[in-house]
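A.B. asks: Here you go, this is final_4.cif (mmCIF, C-alpha atoms, pLDDT in the B column; chains and numbers go by the auth columns).
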```
data_final
#
loop_
_atom_site.group_PDB
_atom_site.id
_atom_site.type_symbol
_atom_site.label_atom_id
_atom_site.label_comp_id
_atom_site.label_asym_id
_atom_site.label_seq_id
_atom_site.Cartn_x
_atom_site.Cartn_y
_atom_site.Cartn_z
_atom_site.B_iso_or_equiv
_atom_site.auth_seq_id
_atom_site.auth_asym_id
ATOM 1 C CA MET A 1 56.803 81.960 110.303 84.00 1 A
ATOM 2 C CA TYR A 2 57.200 83.865 113.583 88.00 2 A
ATOM 3 C CA ALA A 3 58.830 83.125 116.939 89.00 3 A
ATOM 4 C CA THR A 4 59.343 84.984 120.219 92.00 4 A
ATOM 5 C CA ILE A 5 62.593 85.589 122.111 93.00 5 A
ATOM 6 C CA GLN A 6 62.120 84.216 125.653 94.00 6 A
ATOM 7 C CA LYS A 7 64.131 84.089 128.879 95.00 7 A
ATOM 8 C CA TRP A 8 66.245 80.943 129.153 91.00 8 A
ATOM 9 C CA GLY A 9 68.231 80.922 132.411 93.00 9 A
ATOM 10 C CA ASN A 10 70.370 84.083 132.402 94.00 10 A
ATOM 11 C CA SER A 11 70.178 84.301 128.594 95.00 11 A
ATOM 12 C CA GLN A 12 67.548 84.726 125.940 95.00 12 A
ATOM 13 C CA GLY A 13 66.398 81.861 123.763 94.00 13 A
ATOM 14 C CA LEU A 14 64.576 81.295 120.523 92.00 14 A
ATOM 15 C CA ARG A 15 62.668 78.097 119.738 92.00 15 A
ATOM 16 C CA LEU A 16 62.955 77.114 116.111 92.00 16 A
ATOM 17 C CA PRO A 17 59.940 75.285 114.656 92.00 17 A
ATOM 18 C CA LYS A 18 60.524 71.636 113.750 93.00 18 A
ATOM 19 C CA PRO A 19 59.283 72.003 110.137 93.00 19 A
ATOM 20 C CA LEU A 20 61.887 74.739 109.552 92.00 20 A
ATOM 21 C CA LEU A 21 64.688 72.633 111.042 93.00 21 A
ATOM 22 C CA ASP A 22 63.573 69.572 109.079 94.00 22 A
ATOM 23 C CA SER A 23 63.575 71.499 105.810 93.00 23 A
ATOM 24 C CA LEU A 24 67.160 72.608 106.485 91.00 24 A
ATOM 25 C CA GLY A 25 68.340 69.206 107.699 90.00 25 A
ATOM 26 C CA ILE A 26 69.235 70.565 111.153 91.00 26 A
ATOM 27 C CA ARG A 27 68.801 68.160 114.079 90.00 27 A
ATOM 28 C CA GLU A 28 69.291 68.318 117.835 90.00 28 A
ATOM 29 C CA ASN A 29 72.961 68.841 118.834 86.00 29 A
ATOM 30 C CA ASP A 30 74.011 69.952 115.327 87.00 30 A
ATOM 31 C CA ARG A 31 76.458 72.851 115.410 86.00 31 A
ATOM 32 C CA VAL A 32 75.420 76.042 113.690 89.00 32 A
ATOM 33 C CA GLU A 33 77.116 79.327 112.853 89.00 33 A
ATOM 34 C CA LEU A 34 75.412 82.555 113.986 92.00 34 A
ATOM 35 C CA ARG A 35 76.216 85.674 111.990 94.00 35 A
ATOM 36 C CA GLN A 36 74.863 89.205 112.031 96.00 36 A
ATOM 37 C CA ASP A 37 73.956 90.576 108.606 95.00 37 A
ATOM 38 C CA GLY A 38 72.748 94.160 109.052 95.00 38 A
ATOM 39 C CA ASP A 39 69.656 93.915 111.236 96.00 39 A
ATOM 40 C CA ALA A 40 69.248 90.158 110.600 95.00 40 A
ATOM 41 C CA ILE A 41 70.615 87.051 112.300 94.00 41 A
ATOM 42 C CA VAL A 42 71.763 84.350 109.888 94.00 42 A
ATOM 43 C CA ILE A 43 71.866 80.770 111.225 92.00 43 A
ATOM 44 C CA ARG A 44 73.858 78.354 109.064 91.00 44 A
ATOM 45 C CA LYS A 45 74.442 74.648 109.680 89.00 45 A
ATOM 46 C CA LEU A 46 78.147 73.881 109.974 84.00 46 A
ATOM 47 C CA ARG A 47 79.457 71.346 107.542 80.00 47 A
ATOM 48 C CA HIS A 48 81.440 68.598 109.208 72.00 48 A
ATOM 49 C CA ALA A 49 85.141 69.165 108.833 67.00 49 A
ATOM 50 C CA ALA A 50 87.201 66.134 107.934 69.00 50 A
ATOM 51 C CA HIS A 51 88.538 64.272 110.954 79.00 51 A
ATOM 52 C CA ARG A 52 92.056 65.384 111.819 83.00 52 A
ATOM 53 C CA THR A 53 94.532 63.113 113.543 90.00 53 A
ATOM 54 C CA LEU A 54 96.341 64.151 116.708 91.00 54 A
ATOM 55 C CA GLU A 55 99.509 64.618 114.645 90.00 55 A
ATOM 56 C CA GLU A 56 97.679 66.977 112.262 89.00 56 A
ATOM 57 C CA ARG A 57 96.219 68.950 115.159 89.00 57 A
ATOM 58 C CA LEU A 58 99.598 69.302 116.921 91.00 58 A
ATOM 59 C CA THR A 59 101.314 70.329 113.691 91.00 59 A
ATOM 60 C CA SER A 60 98.615 72.942 113.088 90.00 60 A
ATOM 61 C CA PHE A 61 98.786 74.216 116.679 92.00 61 A
ATOM 62 C CA TYR A 62 102.580 74.525 116.900 91.00 62 A
ATOM 63 C CA GLY A 63 103.116 75.479 113.248 92.00 63 A
ATOM 64 C CA LYS A 64 105.932 73.001 112.732 92.00 64 A
ATOM 65 C CA PRO A 65 106.389 69.275 111.987 90.00 65 A
ATOM 66 C CA LEU A 66 105.806 66.782 114.787 87.00 66 A
ATOM 67 C CA GLU A 67 109.508 65.826 114.835 88.00 67 A
ATOM 68 C CA GLU A 68 110.392 69.409 115.845 89.00 68 A
ATOM 69 C CA ILE A 69 107.897 69.545 118.714 86.00 69 A
ATOM 70 C CA GLY A 70 109.499 68.722 122.046 80.00 70 A
ATOM 71 C CA PRO A 71 108.341 68.814 125.654 76.00 71 A
ATOM 72 C CA PRO A 72 107.369 72.221 127.092 73.00 72 A
ATOM 73 C CA GLU A 73 110.160 74.458 128.435 74.00 73 A
ATOM 74 C CA GLY A 74 111.574 73.187 131.712 68.00 74 A
ATOM 75 C CA GLU A 75 109.936 69.752 131.424 65.00 75 A
ATOM 76 C CA GLU A 76 112.714 67.822 129.707 66.00 76 A
ATOM 77 C CA GLU A 77 113.245 65.442 132.632 73.00 77 A
ATOM 78 C CA GLU A 78 110.868 63.076 134.371 77.00 78 A
ATOM 79 C CA VAL A 79 109.802 64.276 137.806 77.00 79 A
ATOM 80 C CA SER A 80 109.947 61.909 140.770 83.00 80 A
ATOM 81 C CA TRP A 81 106.888 62.256 142.967 83.00 81 A
ATOM 82 C CA GLY A 82 108.234 59.889 145.633 83.00 82 A
ATOM 83 C CA ARG A 83 106.906 56.566 146.811 82.00 83 A
ATOM 84 C CA PRO A 84 103.178 55.737 146.562 76.00 84 A
ATOM 85 C CA GLU A 85 101.218 56.745 149.659 79.00 85 A
ATOM 86 C CA GLY A 86 97.861 55.251 150.611 81.00 86 A
ATOM 87 C CA GLY A 87 95.967 52.792 148.411 75.00 87 A
ATOM 88 C CA GLU A 88 97.283 53.655 144.955 69.00 88 A
ATOM 89 C CA ALA A 89 97.454 50.705 142.578 71.00 89 A
ATOM 90 C CA TRP A 90 100.707 50.562 140.632 64.00 90 A
#
```
So, in terms of structure tokens, how does the structure I just supplied come out?
C.D. replies:
Amino acid sequence: MYATIQKWGNSQGLRLPKPLLDSLGIRENDRVELRQDGDAIVIRKLRHAAHRTLEERLTSFYGKPLEEIGPPEGEEEEVSWGRPEGGEAW
């Protein structure tokens, strides 16, 4: 099977034939990993990672339990922005 690299906006694009995608179980909007292997490009379908909760994501990001994560430096107090002006609905 052959394909041609073509201009796509300011980039280059490659159209992948539907039979190839079907045989690999890749559909529109699926995420794939692109990797260089010598003079070849390897395209691999990403397996869906298990859904992580917000707590799990924050713990992973900060590297400590949620109970130890506080507001960012200098933002311990609520800021008063004054009275509503205009047509805000409160």
A.B. asks: Calculate how many Å separate CA of Tyr2 (chain A) from CA of Ile43 (chain A), rounding to one decimal.
C.D. replies: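 According to the coordinates, CA of Tyr2 (chain A) and CA of Ile43 (chain A) are separated by 15.2 Å.
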A.B. asks: When the PyMOL selection byres ((chain A and resi 16) around 12) is applied to the file above, which residues end up in the set, as number ranges by chain?
C.D. replies: A: 1-6, 13-15, 17-24, 26-28, 43
A.B. asks: Can you spell out as a CSV table (one decimal) with C-alpha atoms, in the coordinates of the input the set of residues that the PyMOL selection byres ((chain A and resi 29-32) around 10) selects in the structure I just provided?
C.D. replies:
```
chain,number,residue,atom,x,y,z
A,25,GLY,CA,68.3,69.2,107.7
A,26,ILE,CA,69.2,70.6,111.2
A,27,ARG,CA,68.8,68.2,114.1
A,28,GLU,CA,69.3,68.3,117.8
A,33,GLU,CA,77.1,79.3,112.9
A,34,LEU,CA,75.4,82.6,114.0
A,35,ARG,CA,76.2,85.7,112.0
A,42,VAL,CA,71.8,84.4,109.9
A,43,ILE,CA,71.9,80.8,111.2
A,44,ARG,CA,73.9,78.4,109.1
A,45,LYS,CA,74.4,74.6,109.7
A,46,LEU,CA,78.1,73.9,110.0
A,47,ARG,CA,79.5,71.3,107.5
A,48,HIS,CA,81.4,68.6,109.2
```
A.B. asks: Calculate how many Å separate CA of Glu68 (chain A) from CA of Glu56 (chain A), rounding to one decimal.
C.D. replies: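 That distance, rounded to one decimal, is 13.4 Å.
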A.B. asks: Complete region 30-41 of chain A with all heavy atoms (output as an mmCIF file, in the frame of the given file).
C.D. replies:
```cif
data_model
loop_
_atom_site.group_PDB
_atom_site.id
_atom_site.type_symbol
_atom_site.label_atom_id
_atom_site.label_comp_id
_atom_site.auth_asym_id
_atom_site.auth_seq_id
_atom_site.Cartn_x
_atom_site.Cartn_y
_atom_site.Cartn_z
ATOM 1 N N ASP A 30 73.213 69.496 116.468
ATOM 2 C CA ASP A 30 74.011 69.952 115.327
ATOM 3 C C ASP A 30 74.622 71.307 115.676
ATOM 4 O O ASP A 30 74.002 72.112 116.357
ATOM 5 C CB ASP A 30 73.145 70.109 114.068
ATOM 6 C CG ASP A 30 72.852 68.797 113.384
ATOM 7 O OD1 ASP A 30 73.441 67.773 113.769
ATOM 8 O OD2 ASP A 30 72.012 68.802 112.458
ATOM 9 N N ARG A 31 75.825 71.546 115.196
ATOM 10 C CA ARG A 31 76.458 72.851 115.410
ATOM 11 C C ARG A 31 76.048 73.783 114.288
ATOM 12 O O ARG A 31 75.940 73.368 113.138
ATOM 13 C CB ARG A 31 77.970 72.702 115.469
ATOM 14 C CG ARG A 31 78.366 71.885 116.692
ATOM 15 C CD ARG A 31 79.756 72.074 117.161
ATOM 16 N NE ARG A 31 80.306 73.383 116.973
ATOM 17 C CZ ARG A 31 80.716 74.177 117.955
ATOM 18 N NH1 ARG A 31 80.582 73.806 119.189
ATOM 19 N NH2 ARG A 31 81.264 75.334 117.698
ATOM 20 N N VAL A 32 75.799 75.031 114.666
ATOM 21 C CA VAL A 32 75.420 76.042 113.690
ATOM 22 C C VAL A 32 76.302 77.266 113.866
ATOM 23 O O VAL A 32 76.894 77.484 114.922
ATOM 24 C CB VAL A 32 73.928 76.449 113.822
ATOM 25 C CG1 VAL A 32 73.010 75.286 113.500
ATOM 26 C CG2 VAL A 32 73.623 77.008 115.188
ATOM 27 N N GLU A 33 76.396 78.056 112.817
ATOM 28 C CA GLU A 33 77.116 79.327 112.853
ATOM 29 C C GLU A 33 76.068 80.432 112.946
ATOM 30 O O GLU A 33 75.074 80.411 112.226
ATOM 31 C CB GLU A 33 77.934 79.502 111.578
ATOM 32 C CG GLU A 33 78.571 80.868 111.451
ATOM 33 C CD GLU A 33 79.144 81.114 110.066
ATOM 34 O OE1 GLU A 33 78.856 80.355 109.129
ATOM 35 O OE2 GLU A 33 79.885 82.100 109.935
ATOM 36 N N LEU A 34 76.278 81.388 113.859
ATOM 37 C CA LEU A 34 75.412 82.555 113.986
ATOM 38 C C LEU A 34 76.180 83.756 113.465
ATOM 39 O O LEU A 34 77.319 83.986 113.862
ATOM 40 C CB LEU A 34 75.008 82.792 115.443
ATOM 41 C CG LEU A 34 74.289 81.650 116.148
ATOM 42 C CD1 LEU A 34 74.061 81.996 117.603
ATOM 43 C CD2 LEU A 34 72.974 81.336 115.462
ATOM 44 N N ARG A 35 75.547 84.520 112.577
ATOM 45 C CA ARG A 35 76.216 85.674 111.990
ATOM 46 C C ARG A 35 75.220 86.815 111.891
ATOM 47 O O ARG A 35 74.049 86.611 111.584
ATOM 48 C CB ARG A 35 76.731 85.299 110.603
ATOM 49 C CG ARG A 35 77.528 86.375 109.912
ATOM 50 C CD ARG A 35 78.156 85.866 108.620
ATOM 51 N NE ARG A 35 77.261 85.143 107.752
ATOM 52 C CZ ARG A 35 76.442 85.723 106.864
ATOM 53 N NH1 ARG A 35 76.394 87.020 106.748
ATOM 54 N NH2 ARG A 35 75.676 84.983 106.087
ATOM 55 N N GLN A 36 75.692 88.021 112.190
ATOM 56 C CA GLN A 36 74.863 89.205 112.031
ATOM 57 C C GLN A 36 75.049 89.740 110.623
ATOM 58 O O GLN A 36 76.160 89.900 110.145
ATOM 59 C CB GLN A 36 75.244 90.281 113.043
ATOM 60 C CG GLN A 36 74.396 91.521 112.922
ATOM 61 C CD GLN A 36 74.794 92.596 113.917
ATOM 62 O OE1 GLN A 36 75.590 92.361 114.822
ATOM 63 N NE2 GLN A 36 74.246 93.780 113.730
ATOM 64 N N ASP A 37 73.936 90.014 109.953
ATOM 65 C CA ASP A 37 73.956 90.576 108.606
ATOM 66 C C ASP A 37 73.016 91.776 108.619
ATOM 67 O O ASP A 37 71.809 91.628 108.435
ATOM 68 C CB ASP A 37 73.515 89.524 107.592
ATOM 69 C CG ASP A 37 73.681 89.999 106.158
ATOM 70 O OD1 ASP A 37 74.204 91.112 105.951
ATOM 71 O OD2 ASP A 37 73.286 89.252 105.247
ATOM 72 N N GLY A 38 73.584 92.961 108.902
ATOM 73 C CA GLY A 38 72.748 94.160 109.052
ATOM 74 C C GLY A 38 71.880 94.013 110.287
ATOM 75 O O GLY A 38 72.378 93.810 111.380
ATOM 76 N N ASP A 39 70.561 94.066 110.097
ATOM 77 C CA ASP A 39 69.656 93.915 111.236
ATOM 78 C C ASP A 39 69.062 92.504 111.287
ATOM 79 O O ASP A 39 68.033 92.268 111.915
ATOM 80 C CB ASP A 39 68.538 94.959 111.184
ATOM 81 C CG ASP A 39 67.636 94.797 109.977
ATOM 82 O OD1 ASP A 39 68.004 94.032 109.066
ATOM 83 O OD2 ASP A 39 66.563 95.427 109.951
ATOM 84 N N ALA A 40 69.729 91.537 110.635
ATOM 85 C CA ALA A 40 69.248 90.158 110.600
ATOM 86 C C ALA A 40 70.255 89.232 111.276
ATOM 87 O O ALA A 40 71.445 89.529 111.348
ATOM 88 C CB ALA A 40 69.038 89.706 109.156
ATOM 89 N N ILE A 41 69.768 88.113 111.762
ATOM 90 C CA ILE A 41 70.615 87.051 112.300
ATOM 91 C C ILE A 41 70.550 85.895 111.316
ATOM 92 O O ILE A 41 69.466 85.403 110.999
ATOM 93 C CB ILE A 41 70.138 86.581 113.686
ATOM 94 C CG1 ILE A 41 70.192 87.728 114.694
ATOM 95 C CG2 ILE A 41 70.987 85.400 114.164
ATOM 96 C CD1 ILE A 41 69.556 87.390 116.024
#
```
